[in-house]
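Novice: Take this structure first; my questions come after.
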Amino acid sequence: MTPFEKPLVNETGNGSEPSPHALAGKPARTVEEEVFRSDLNHKLRTPLNAIIGFAELLALKPAGTRQNDDVQQILKSAREMLAIIQRELGEAGAEGANDSTTTTATTTTGPDLSCDVLYVEDDAVNFTLVERILEFRPAVRLLHAPRGALGLELAQALRPKMILLDLNLPDMHGSEVLRRLQQELTTAEIPVVVLSADATASQIERLLTAGAKNYLTKPFDLDPFLAVVDEFVGASASASRAA
């Protein structure tokens with residue numbers, strides 16, 4: 001080494017943790033930044049859940065009539081993610097970027113209506129994904145409630161074997177739905193599994209303490225999801241008959 005050469009210094013020490021010298025000039029994140037990061041994390045997980053889920057279905061299933069539908073769902077969710085990035089991160093053309101529409105399902109109770117799994121979820125794409133996944137459990141009957149109040153009504157009327165619960169519902173928070181389910185004698189024993197893009201540890205602990213039997217964060221893997229269904233619905237015997 002010549003007198004004019006300097007040894008290369010690794011600012012992060014061992015390459016994994018930044019040294020105090022490296023962090024000295026970096027300002028701490030503000031509360032607003034932390035809230036923004038948390039909110040963006042949540043928003044991006046929802047379309048990612050659909051993209052990954054439908055892609056896994058395509059990988060598992062042979063080509064058929066459902067394949068084009070699944071591809072369209074992937075494209076729709078990818079466009080939704082792009083719109084979120086444009087809107088939240090200030091890219092050009094953000095205005096009007098999210099022109100996708102969400103259909104709202106409606107369900108009415110009747111004498112012949114029954115279900116094994118009730119999914120309380122306002123996003124039609126998320127419901128369609130679970131509907132596709134449960135084709136691997138053809139004996140399982142799935143019903144959709146796009147609002148919390150309807151979910152409570154159907155749970156009391158039909159007493160499903162299991163309830164899948166989203167948290168960000170248009171009429172009430174999922175935690176309120178869980179609380180009301182726990183309060184009613186007719187629904188208190190129904191296992192509730194939360195499916196949410198909120199991966200905050202404190203939120204997960206709070207909902208499990210409140211009575212949820214499990215908490216799966218979006219995006220979730222197919223095998224653990226089906227294992228939960230098998231645990232609470234007892235659908236494993238039908239797996240061999242899946243398409």
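By order of appearance in the structure tokens: chains A, B, ..., then residues from 1 within every chain, and ligands from 1 in the order shown.
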Can you pull out every residue within 8 Å of region 208-218 of chain A, counting only C-alpha atoms, but drop anything in the same chain fewer than 4 positions away, and send it as a PyMOL selection string?
Specialist: chain A and resi 45-46+48-49+178-179+182+191-199+204+225
Novice: Based on the selection just made, write N, CA and C atoms of those residues as a short mmCIF file (atom, residue, chain, number, x, y, z; two decimals), in the first residue's frame.
Specialist:
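result-v8.cif written:
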```cif
data_model
loop_
_atom_site.label_atom_id
_atom_site.label_comp_id
_atom_site.auth_asym_id
_atom_site.auth_seq_id
_atom_site.Cartn_x
_atom_site.Cartn_y
_atom_site.Cartn_z
N ARG A 45 -49.98 -5.00 1.21
CA ARG A 45 -50.13 -6.42 1.50
C ARG A 45 -51.42 -6.99 0.90
N THR A 46 -52.47 -6.19 0.82
CA THR A 46 -53.75 -6.70 0.33
C THR A 46 -53.68 -7.12 -1.14
N LEU A 48 -50.96 -7.70 -2.79
CA LEU A 48 -49.92 -8.73 -2.85
C LEU A 48 -50.47 -10.10 -2.50
N ASN A 49 -51.39 -10.13 -1.54
CA ASN A 49 -52.03 -11.38 -1.15
C ASN A 49 -52.73 -12.02 -2.35
N LEU A 178 -65.63 -9.45 16.22
CA LEU A 178 -65.16 -10.53 17.10
C LEU A 178 -65.75 -10.37 18.50
N ARG A 179 -65.77 -9.17 19.01
CA ARG A 179 -66.30 -8.92 20.36
C ARG A 179 -67.77 -9.32 20.45
N GLN A 182 -68.23 -13.05 20.40
CA GLN A 182 -67.88 -13.65 21.68
C GLN A 182 -68.96 -13.43 22.74
N PRO A 191 -65.21 -20.96 16.00
CA PRO A 191 -63.82 -20.49 15.86
C PRO A 191 -63.69 -19.38 14.82
N VAL A 192 -63.02 -18.32 15.20
CA VAL A 192 -62.81 -17.18 14.32
C VAL A 192 -61.32 -17.10 13.97
N VAL A 193 -61.03 -17.05 12.67
CA VAL A 193 -59.66 -16.90 12.19
C VAL A 193 -59.55 -15.57 11.46
N VAL A 194 -58.67 -14.72 11.91
CA VAL A 194 -58.48 -13.40 11.30
C VAL A 194 -57.58 -13.53 10.07
N LEU A 195 -58.02 -12.96 8.96
CA LEU A 195 -57.21 -12.83 7.75
C LEU A 195 -57.03 -11.34 7.51
N SER A 196 -55.84 -10.82 7.74
CA SER A 196 -55.66 -9.38 7.66
C SER A 196 -54.30 -9.01 7.11
N ALA A 197 -54.25 -7.86 6.46
CA ALA A 197 -52.97 -7.30 5.99
C ALA A 197 -52.24 -6.59 7.12
N ASP A 198 -52.87 -6.43 8.26
CA ASP A 198 -52.23 -5.80 9.41
C ASP A 198 -51.35 -6.83 10.11
N ALA A 199 -50.05 -6.71 9.93
CA ALA A 199 -49.11 -7.68 10.50
C ALA A 199 -48.45 -7.15 11.77
N ILE A 204 -51.90 -8.47 16.43
CA ILE A 204 -52.08 -9.92 16.42
C ILE A 204 -52.31 -10.43 17.84
N PHE A 225 -52.98 -22.14 5.29
CA PHE A 225 -54.39 -21.76 5.28
C PHE A 225 -55.29 -22.99 5.23
#
```
Novice: Contacts of region 151-160 of chain A at 6 Å or less, counting only C-alpha atoms, minus same-chain residues fewer than 2 places along, as an NGL selection string?
Specialist: :A and (114-117 or 120 or 145 or 148-149 or 162)
Novice: In Å, how far is it from CA of Asp230 (chain A) to CA of Ile190 (chain A)?
Specialist: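 Distance reported for this atom pair: 14.6 Å.
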Novice: In Å to one decimal, how far is CA of Phe232 (chain A) from CA of Leu118 (chain A)?
Specialist: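 If I compute the distance from CA of Leu118 (chain A) to CA of Phe232 (chain A), I get 12.3 Å.
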Novice: Have a look at CA of Phe127 (chain A) and CA of Pro170 (chain A) and let me know their distance in Å, one decimal.
Specialist: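 About the pair CA of Phe127 (chain A) and CA of Pro170 (chain A): they are 15.1 Å apart.
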Novice: I'd like to know which residues of region 131-160 of chain A are strand (DSSP E) (by DSSP, run on the backbone); could you write them as a list of chain:residue names?
Specialist: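 Strand (DSSP E) members of region 131-160 of chain A, listed: A:Leu142, A:Leu143, A:His144, A:Ala145.
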Novice: Quick one: residues within 10 Å of Ile52 (chain A), only C-alpha atoms counted, chain neighbours fewer than 3 positions away excluded, as a list in words?
Specialist: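 Those residues are Pro47, Leu48, Asn49, Ala55, Glu56, Leu57, Leu58, Ile74, Ser77, Leu129, Lys218, Pro219, Phe220, Asp221 and Leu222 of chain A.
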Novice: Could you save those same residues with N, CA, C and O atoms as a PDB file, in the first residue's frame?
Specialist:
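Full text of selection.pdb as output:
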```pdb
ATOM      1  N   PRO A  47     -53.229  -6.252  -2.066  1.00  0.00           N
ATOM      2  CA  PRO A  47     -53.101  -6.725  -3.452  1.00  0.00           C
ATOM      3  C   PRO A  47     -52.016  -7.781  -3.609  1.00  0.00           C
ATOM      4  O   PRO A  47     -52.127  -8.668  -4.455  1.00  0.00           O
ATOM      5  N   LEU A  48     -50.957  -7.705  -2.792  1.00  0.00           N
ATOM      6  CA  LEU A  48     -49.916  -8.731  -2.852  1.00  0.00           C
ATOM      7  C   LEU A  48     -50.473 -10.097  -2.498  1.00  0.00           C
ATOM      8  O   LEU A  48     -50.095 -11.117  -3.076  1.00  0.00           O
ATOM      9  N   ASN A  49     -51.394 -10.125  -1.541  1.00  0.00           N
ATOM     10  CA  ASN A  49     -52.026 -11.382  -1.155  1.00  0.00           C
ATOM     11  C   ASN A  49     -52.729 -12.018  -2.346  1.00  0.00           C
ATOM     12  O   ASN A  49     -52.607 -13.220  -2.601  1.00  0.00           O
ATOM     13  N   ALA A  55     -51.364 -16.635  -8.243  1.00  0.00           N
ATOM     14  CA  ALA A  55     -50.209 -17.204  -8.933  1.00  0.00           C
ATOM     15  C   ALA A  55     -49.920 -18.623  -8.436  1.00  0.00           C
ATOM     16  O   ALA A  55     -49.597 -19.518  -9.223  1.00  0.00           O
ATOM     17  N   GLU A  56     -50.039 -18.845  -7.131  1.00  0.00           N
ATOM     18  CA  GLU A  56     -49.842 -20.182  -6.585  1.00  0.00           C
ATOM     19  C   GLU A  56     -50.907 -21.148  -7.096  1.00  0.00           C
ATOM     20  O   GLU A  56     -50.625 -22.314  -7.376  1.00  0.00           O
ATOM     21  N   LEU A  57     -52.115 -20.665  -7.228  1.00  0.00           N
ATOM     22  CA  LEU A  57     -53.182 -21.517  -7.770  1.00  0.00           C
ATOM     23  C   LEU A  57     -52.874 -21.928  -9.204  1.00  0.00           C
ATOM     24  O   LEU A  57     -53.088 -23.078  -9.596  1.00  0.00           O
ATOM     25  N   LEU A  58     -52.370 -20.982  -9.994  1.00  0.00           N
ATOM     26  CA  LEU A  58     -51.999 -21.302 -11.367  1.00  0.00           C
ATOM     27  C   LEU A  58     -50.899 -22.353 -11.411  1.00  0.00           C
ATOM     28  O   LEU A  58     -50.884 -23.223 -12.279  1.00  0.00           O
ATOM     29  N   ILE A  74     -54.979 -11.604 -11.142  1.00  0.00           N
ATOM     30  CA  ILE A  74     -53.594 -11.192 -10.899  1.00  0.00           C
ATOM     31  C   ILE A  74     -53.335  -9.822 -11.514  1.00  0.00           C
ATOM     32  O   ILE A  74     -52.742  -8.936 -10.888  1.00  0.00           O
ATOM     33  N   SER A  77     -55.093  -7.065  -9.507  1.00  0.00           N
ATOM     34  CA  SER A  77     -54.420  -6.774  -8.249  1.00  0.00           C
ATOM     35  C   SER A  77     -53.094  -6.053  -8.478  1.00  0.00           C
ATOM     36  O   SER A  77     -52.706  -5.183  -7.692  1.00  0.00           O
ATOM     37  N   LEU A 129     -60.303 -15.173  -4.108  1.00  0.00           N
ATOM     38  CA  LEU A 129     -59.092 -15.961  -3.885  1.00  0.00           C
ATOM     39  C   LEU A 129     -59.372 -17.117  -2.929  1.00  0.00           C
ATOM     40  O   LEU A 129     -58.995 -18.265  -3.200  1.00  0.00           O
ATOM     41  N   LYS A 218     -51.844 -11.392   5.532  1.00  0.00           N
ATOM     42  CA  LYS A 218     -51.757 -11.367   4.079  1.00  0.00           C
ATOM     43  C   LYS A 218     -50.416 -10.765   3.675  1.00  0.00           C
ATOM     44  O   LYS A 218     -50.011  -9.758   4.256  1.00  0.00           O
ATOM     45  N   PRO A 219     -49.747 -11.334   2.666  1.00  0.00           N
ATOM     46  CA  PRO A 219     -50.144 -12.530   1.927  1.00  0.00           C
ATOM     47  C   PRO A 219     -49.871 -13.804   2.712  1.00  0.00           C
ATOM     48  O   PRO A 219     -48.859 -13.906   3.396  1.00  0.00           O
ATOM     49  N   PHE A 220     -50.804 -14.770   2.632  1.00  0.00           N
ATOM     50  CA  PHE A 220     -50.643 -16.016   3.358  1.00  0.00           C
ATOM     51  C   PHE A 220     -50.397 -17.158   2.371  1.00  0.00           C
ATOM     52  O   PHE A 220     -50.778 -17.099   1.209  1.00  0.00           O
ATOM     53  N   ASP A 221     -49.743 -18.217   2.855  1.00  0.00           N
ATOM     54  CA  ASP A 221     -49.451 -19.388   2.032  1.00  0.00           C
ATOM     55  C   ASP A 221     -50.647 -20.331   2.006  1.00  0.00           C
ATOM     56  O   ASP A 221     -51.415 -20.414   2.979  1.00  0.00           O
ATOM     57  N   LEU A 222     -50.784 -21.056   0.909  1.00  0.00           N
ATOM     58  CA  LEU A 222     -51.937 -21.935   0.741  1.00  0.00           C
ATOM     59  C   LEU A 222     -51.962 -23.071   1.754  1.00  0.00           C
ATOM     60  O   LEU A 222     -53.005 -23.351   2.358  1.00  0.00           O
TER      61      LEU A 222
END
```
